[in-house]
Amino acid sequence: MEVSTELIVNALWETLYMVSVSLFFGGIIGIFLGILLVVTRKGHILENRFIFSIVNPIVNIFRSIPFIILLVAIIPLTRLIVGTSIGTTAAIVPLVLHIGPYFSRLVENSLLEVDEGIIEAAKSMGATPLQIIYRFLMPEAFSSLILSLTTATIGLIGATAMAGAIGGGGLGDVAITYGYQRFSTITILVTVIILVILVQGIQGLGNKLERKARRV
Amino acid sequence: MIEFRQVSKVFDSGGNKVEALRDIHLTVEKGDIFGVIGFSGAGKSTLIRTVNLLEYPTSGEVIVEGNLAKLSENEIRQAKKDIGMIFQHFNLLNSKTVFDNVAMPLLLSKLKKREIKERVHEILRFVGLEEKAKNYPDQLSGGQKQRVGIARALATNPSILLCDEATSALDPQTTKSILHLLKRVNEEYKITILMITHEMEVIKQICNRVAVMEDGHVIETGNVFDIFAHPKTDTTRNFVKSVVRDEVPESVYRLLKENNDESRIFKIEFFGTDSGQPIVSKTAKMYNVEINVLFGNITELQGIPFGNLIVELIGDDYEIKRAIAFIISQHIEVKEVLEDGSQHRIDRERFVGNALHG
Ligand SMILES: Nc1ncnc2c1ncn2[C@@H]1O[C@H](COP(=O)(O)OP(=O)(O)OP(=O)(O)O)[C@@H](O)[C@H]1O
Ligand SMILES: [Mg+2]
């Protein structure tokens, strides 16, 4: 069977759709959890052993489940949230649950890179914990956060390839169903090239924005 | 005014107890530039950090217009706006311009944009960085960064400024200019300054009072001149020596060995009563002695000369005695430098008596 341009374009859109929507929700979750992981740790501005000892293992659990398993394991939850367990939209739920905790670790690392002296200065000015987070930590970590977001986005593109398992569609799905299962080398080639371009483009953009944030 | 009352601080890191502060009593008066000096690990940073509660004392009280620790979180944050702080490594936000860094405390206080702008420019003018407002910290030299730090600390018009090793990352020349700026802060804005350092030079240049810390204790405290003139502990003596050299150089001893009887060597110590030169020339004129200055170390403490001169007096014994008696009568301490390496203090009564009665 031949692969039409339309099929590829369609798949590209599906991939972009899945990536952008799950990046949006996963990004919010990741930033929220990442901040939580930082500020509730020992000695930090909102040290809270209870919260930290809940969030930390939860993030670990999600990080340790392979995406393909997560995809099927949470089918009931997916059905509950989006009303169906198959299709592109349905794939977004596991993608969010996959990328959120992953991104939260990256955010955590970025925020921990901020010099402790900055927090000292903030405290000495009488900043509230919330002010410390959004006036000091986030701006200082901004360039590093851009790189984290870039890494998360690329990770998401990889994960969408598996969304085919629940009928999510997308480029990865095309590569597997048309290319691998029906021996169409050209399909594999085309989808791979598109994916490579996509990843290169995103990484390039991320690097550029990061450099801009650092003013170099 | 800042008052430390029986302040102790124990750090407990994994069963490993460190007593960083032990029963500190200290009063910093309004208008002081109060220096705290000590070796690394003495507890200086911990001490200064208890003032704005970056560190809570384990016991005792720190009084800054009342005991901050007794206030609510919110009131503490308000009170902190009256206490500025600058740091050894400046702690500026690299992602923000000089203007935005200085504006930060005002932004936190939710001032109006126009007010912020006015205040920031005013304070940047004061520290001499107005034309750098749009630059970023990484485009500035260390000294300029500390000026930004000072501007930021002063933005909210505090009455106290805390400086933790504010010049330790700077070269001597830049250190001087920053200290000069701090002096202006103290004089023009009437801000009480509490500064921590391990360099006696810093204390010498701008402090009026000093406390010496060792191992969590304040081992000596007083006005800078007294501490320099009469250090009571070895630690303090060593700090003083780092600024005012006290030892007699080898060359002087060598000279002593070759000396004939007609010459004696004395160390004249000035604690501010008079500077060296006039006394020396006056003495040489009034008595039949020749005076050679062999070695000198005179510095200035709060505008008053301080230090010592090593002089050789040549003449007959009687004239030398009379000359020395005269110097002593000017309330200047004189010690004779002897060949065996000792310096013995000349007994005022006997020497003066001998000289007068021949
Ligand atoms: N947060 C902390 N936890 C555990 N121990 C600490 C902590 N802060 C300081 N200490 C210990 O308290 C003692 C005093 O430290 P402090 O930083 O006050 O010394 P310092 O005089 O400022 O020294 P330096 O000149 O090196 O800055 C040291 O033994 C230090 O190890
Ligand atoms: Mg220190």
# chains A, B, ... in the order shown; residues from 1 in each chain; ligands from 1
$ residues_around --residues "Ala165 (chain A)" --least-positions-apart "2" --cutoff "9 Å" --atoms "only C-alpha atoms" --output "PDB file with N, CA and C atoms, in the first residue's frame"
ATOM      1  N   ILE A  68       4.830   2.937  27.668  1.00  0.00           N
ATOM      2  CA  ILE A  68       3.909   2.012  26.987  1.00  0.00           C
ATOM      3  C   ILE A  68       3.010   1.300  28.000  1.00  0.00           C
ATOM      4  N   LEU A  71       0.504   3.874  29.476  1.00  0.00           N
ATOM      5  CA  LEU A  71      -0.527   4.078  28.458  1.00  0.00           C
ATOM      6  C   LEU A  71      -1.736   3.170  28.669  1.00  0.00           C
ATOM      7  N   VAL A  72      -1.477   1.893  28.897  1.00  0.00           N
ATOM      8  CA  VAL A  72      -2.594   0.963  29.074  1.00  0.00           C
ATOM      9  C   VAL A  72      -3.069   0.906  30.524  1.00  0.00           C
ATOM     10  N   ILE A  86      -9.591   5.557  23.475  1.00  0.00           N
ATOM     11  CA  ILE A  86      -8.769   5.465  22.271  1.00  0.00           C
ATOM     12  C   ILE A  86      -8.840   6.760  21.472  1.00  0.00           C
ATOM     13  N   ALA A 161       5.171   8.546  19.746  1.00  0.00           N
ATOM     14  CA  ALA A 161       5.308   7.452  18.786  1.00  0.00           C
ATOM     15  C   ALA A 161       4.599   6.198  19.298  1.00  0.00           C
ATOM     16  N   MET A 162       4.519   6.084  20.636  1.00  0.00           N
ATOM     17  CA  MET A 162       3.901   4.895  21.210  1.00  0.00           C
ATOM     18  C   MET A 162       2.387   5.053  21.354  1.00  0.00           C
ATOM     19  N   ALA A 163       1.921   6.285  21.145  1.00  0.00           N
ATOM     20  CA  ALA A 163       0.492   6.543  21.311  1.00  0.00           C
ATOM     21  C   ALA A 163      -0.339   5.727  20.337  1.00  0.00           C
ATOM     22  N   GLY A 167      -4.402   3.896  19.507  1.00  0.00           N
ATOM     23  CA  GLY A 167      -5.033   4.585  18.388  1.00  0.00           C
ATOM     24  C   GLY A 167      -4.828   6.083  18.398  1.00  0.00           C
ATOM     25  N   GLY A 168      -3.707   6.483  18.931  1.00  0.00           N
ATOM     26  CA  GLY A 168      -3.437   7.914  19.028  1.00  0.00           C
ATOM     27  C   GLY A 168      -3.003   8.542  17.722  1.00  0.00           C
ATOM     28  N   GLY A 169      -2.558   7.705  16.792  1.00  0.00           N
ATOM     29  CA  GLY A 169      -2.090   8.243  15.523  1.00  0.00           C
ATOM     30  C   GLY A 169      -0.750   8.922  15.673  1.00  0.00           C
ATOM     31  N   ASP A 173       3.198   6.374  14.799  1.00  0.00           N
ATOM     32  CA  ASP A 173       2.209   5.356  14.479  1.00  0.00           C
ATOM     33  C   ASP A 173       2.286   4.981  12.999  1.00  0.00           C
TER      34      ASP A 173
END
$ residues_near_ligand --ligand "ligand 2" --cutoff "10 Å" --atoms "only C-alpha atoms and all ligand atoms" --output "list in words"
Gly38, Phe39, Ser40, Gly41, Ala42, Gly43, Lys44, Ser45, Thr46, Leu47, Ile48, Arg49, Phe87, Gln88, Asp164, Glu165, Ile196, Thr197 and His198 of chain B
$ closest_residue --among "B:Ile332, B:Val224, B:Leu53, B:Met85" --to "Leu71 (chain B)" --atoms "only C-alpha atoms"
B:Leu53
$ interface_residues --of "chain B" --to "chain A" --cutoff "10 Å" --atoms "only C-alpha atoms" --output "PyMOL selection string"
chain B and resi 49+52-54+73-96+104-109+136+149+152-153+156+162
$ select_by_dssp --residues "region 6-77 of chain A" --states "alpha helix (DSSP H)" --output "count of residues only"
60
$ closest_residue --among "B:Thr192, B:Gln144, B:Ser242, B:Ser168" --to "ligand 1" --atoms "only C-alpha atoms and all ligand atoms"
B:Ser168
$ residues_around --residues "region 8-18 of chain A" --least-positions-apart "3" --cutoff "9 Å" --atoms "only C-alpha atoms" --output "CSV table (one decimal) with N, CA and C atoms, in the first residue's frame"
chain,number,residue,atom,x,y,z
A,3,VAL,N,1.8,5.2,0.6
A,3,VAL,CA,1.6,6.2,1.7
A,3,VAL,C,1.4,7.5,1.0
A,4,SER,N,0.3,8.1,1.2
A,4,SER,CA,0.0,9.4,0.6
A,4,SER,C,0.6,10.6,1.4
A,5,THR,N,0.9,11.7,0.8
A,5,THR,CA,1.3,12.9,1.4
A,5,THR,C,0.3,13.3,2.5
A,21,VAL,N,-0.6,20.0,23.3
A,21,VAL,CA,-1.6,19.9,24.4
A,21,VAL,C,-1.0,19.3,25.6
A,22,SER,N,-0.3,18.2,25.4
A,22,SER,CA,0.2,17.5,26.6
A,22,SER,C,1.4,18.3,27.2
A,23,LEU,N,2.1,19.1,26.3
A,23,LEU,CA,3.2,19.9,26.8
A,23,LEU,C,2.6,21.0,27.7
A,88,THR,N,-6.6,10.1,19.4
A,88,THR,CA,-5.5,11.1,19.7
A,88,THR,C,-5.7,11.8,21.0
A,89,THR,N,-6.9,12.3,21.3
A,89,THR,CA,-7.2,13.0,22.5
A,89,THR,C,-7.0,12.1,23.7
A,91,ALA,N,-4.9,9.9,24.0
A,91,ALA,CA,-3.5,9.7,24.3
A,91,ALA,C,-2.9,10.8,25.1
A,92,ILE,N,-3.6,11.9,25.1
A,92,ILE,CA,-3.0,13.1,25.8
A,92,ILE,C,-2.9,12.8,27.3
A,95,LEU,N,0.1,10.9,28.2
A,95,LEU,CA,1.2,11.8,27.8
A,95,LEU,C,1.5,12.8,28.9
A,156,LEU,N,8.7,14.2,24.7
A,156,LEU,CA,7.3,14.0,24.4
A,156,LEU,C,7.1,13.5,23.0
A,157,ILE,N,7.9,14.0,22.0
A,157,ILE,CA,7.8,13.6,20.6
A,157,ILE,C,8.1,12.1,20.6
A,160,THR,N,5.1,10.2,21.9
A,160,THR,CA,3.9,10.1,21.1
A,160,THR,C,3.9,9.0,20.1
A,161,ALA,N,5.2,8.5,19.7
A,161,ALA,CA,5.3,7.5,18.8
A,161,ALA,C,4.6,6.2,19.3
A,168,GLY,N,-3.7,6.5,18.9
A,168,GLY,CA,-3.4,7.9,19.0
A,168,GLY,C,-3.0,8.5,17.7
A,169,GLY,N,-2.6,7.7,16.8
A,169,GLY,CA,-2.1,8.2,15.5
A,169,GLY,C,-0.7,8.9,15.7
A,170,GLY,N,-0.5,9.8,14.7
A,170,GLY,CA,0.8,10.5,14.8
A,170,GLY,C,1.9,9.9,13.9
A,171,LEU,N,3.0,10.6,13.8
A,171,LEU,CA,4.1,10.1,12.9
A,171,LEU,C,4.6,8.8,13.3
A,172,GLY,N,4.8,8.6,14.6
A,172,GLY,CA,5.4,7.3,15.0
A,172,GLY,C,4.5,6.1,14.7
A,173,ASP,N,3.2,6.4,14.8
A,173,ASP,CA,2.2,5.4,14.5
A,173,ASP,C,2.3,5.0,13.0
A,174,VAL,N,2.4,6.0,12.2
A,174,VAL,CA,2.5,5.8,10.7
A,174,VAL,C,3.7,4.9,10.4
A,187,THR,N,8.3,4.8,3.8
A,187,THR,CA,7.5,5.4,4.9
A,187,THR,C,8.3,5.6,6.1
A,190,VAL,N,10.7,8.5,5.5
A,190,VAL,CA,10.1,9.8,5.5
A,190,VAL,C,9.7,10.3,6.9
A,191,THR,N,9.0,9.4,7.6
A,191,THR,CA,8.6,9.8,9.0
A,191,THR,C,9.9,10.0,9.9
A,194,ILE,N,11.2,13.4,9.0
A,194,ILE,CA,10.4,14.5,9.6
A,194,ILE,C,10.6,14.6,11.1
A,195,LEU,N,10.7,13.4,11.8
A,195,LEU,CA,10.9,13.5,13.2
A,195,LEU,C,12.3,14.1,13.5
$ residues_around --residues "Asn109 (chain A)" --least-positions-apart "2" --cutoff "10 Å" --atoms "only C-alpha atoms" --output "PyMOL selection string"
chain A and resi 34-35+37-38+103-107+111-114+141+144-145+148
$ closest_atom_pairs --of "chain A" --to "ligand 1" --cutoff "12 Å" --atoms "only C-alpha atoms and all ligand atoms" --output "Markdown table"
| residue | atom | partner | partner_atom_place_in_ligand_line | distance |
| --- | --- | --- | --- | --- |
| A:Lys42 | CA | ligand 1 | 1 (N) | 11.7 |
| A:Gly43 | CA | ligand 1 | 1 (N) | 9.0 |
| A:His44 | CA | ligand 1 | 1 (N) | 11.8 |
$ residues_around --residues "region 114-125 of chain B" --least-positions-apart "6" --cutoff "8 Å" --atoms "only C-alpha atoms" --output "VMD selection string"
chain B and resid 99 102 to 103 106 to 107 133 148 151 154 to 155
$ write_last_selection --atoms "N, CA, C and O atoms" --output "short mmCIF file (atom, residue, chain, number, x, y, z; two decimals), in the first residue's frame"
data_model
loop_
_atom_site.label_atom_id
_atom_site.label_comp_id
_atom_site.auth_asym_id
_atom_site.auth_seq_id
_atom_site.Cartn_x
_atom_site.Cartn_y
_atom_site.Cartn_z
N PHE B 99 19.25 48.56 37.25
CA PHE B 99 18.05 49.27 37.69
C PHE B 99 17.08 48.31 38.39
O PHE B 99 16.63 48.57 39.50
N VAL B 102 18.18 47.09 41.83
CA VAL B 102 18.01 48.08 42.90
C VAL B 102 16.53 48.31 43.19
O VAL B 102 16.14 48.58 44.32
N ALA B 103 15.72 48.15 42.15
CA ALA B 103 14.28 48.37 42.31
C ALA B 103 13.60 47.24 43.08
O ALA B 103 12.51 47.42 43.63
N LEU B 106 11.90 47.63 46.43
CA LEU B 106 10.78 48.56 46.34
C LEU B 106 9.58 47.88 45.68
O LEU B 106 8.43 48.09 46.04
N LEU B 107 9.92 47.04 44.69
CA LEU B 107 8.88 46.27 44.00
C LEU B 107 8.18 45.34 45.00
O LEU B 107 6.96 45.20 44.99
N ALA B 133 22.68 51.97 34.75
CA ALA B 133 21.34 51.47 35.11
C ALA B 133 20.84 50.36 34.20
O ALA B 133 20.20 49.42 34.65
N VAL B 148 26.21 48.29 43.43
CA VAL B 148 24.81 47.95 43.16
C VAL B 148 24.21 47.30 44.40
O VAL B 148 23.09 47.63 44.81
N ALA B 151 23.46 49.97 46.80
CA ALA B 151 22.28 50.73 46.35
C ALA B 151 21.00 49.95 46.66
O ALA B 151 20.02 50.49 47.16
N LEU B 154 20.14 50.02 50.26
CA LEU B 154 19.71 51.32 50.77
C LEU B 154 18.36 51.76 50.20
O LEU B 154 17.77 52.74 50.66
N ALA B 155 17.87 51.02 49.20
CA ALA B 155 16.68 51.47 48.48
C ALA B 155 15.51 51.76 49.40
O ALA B 155 14.79 52.74 49.22
#
$ closest_residue --among "B:Arg245, B:Arg5, B:His217, B:Lys112" --to "Ile37 (chain B)" --atoms "only C-alpha atoms"
B:His217
$ atom_distance --atom1 "CA of Tyr134 (chain A)" --atom2 "CA of Ile51 (chain A)"
20.2 Å
$ residues_around --residues "Ile65 (chain A)" --least-positions-apart "4" --cutoff "12 Å" --atoms "only C-alpha atoms" --output "PyMOL selection string"
chain A and resi 58-61+69-74+94+97-99+101-102
$ select_by_dssp --residues "region 137-283 of chain B" --states "strand (DSSP E)" --output "PyMOL selection string"
chain B and resi 160-164+192-197+209-214+217-223+263-271
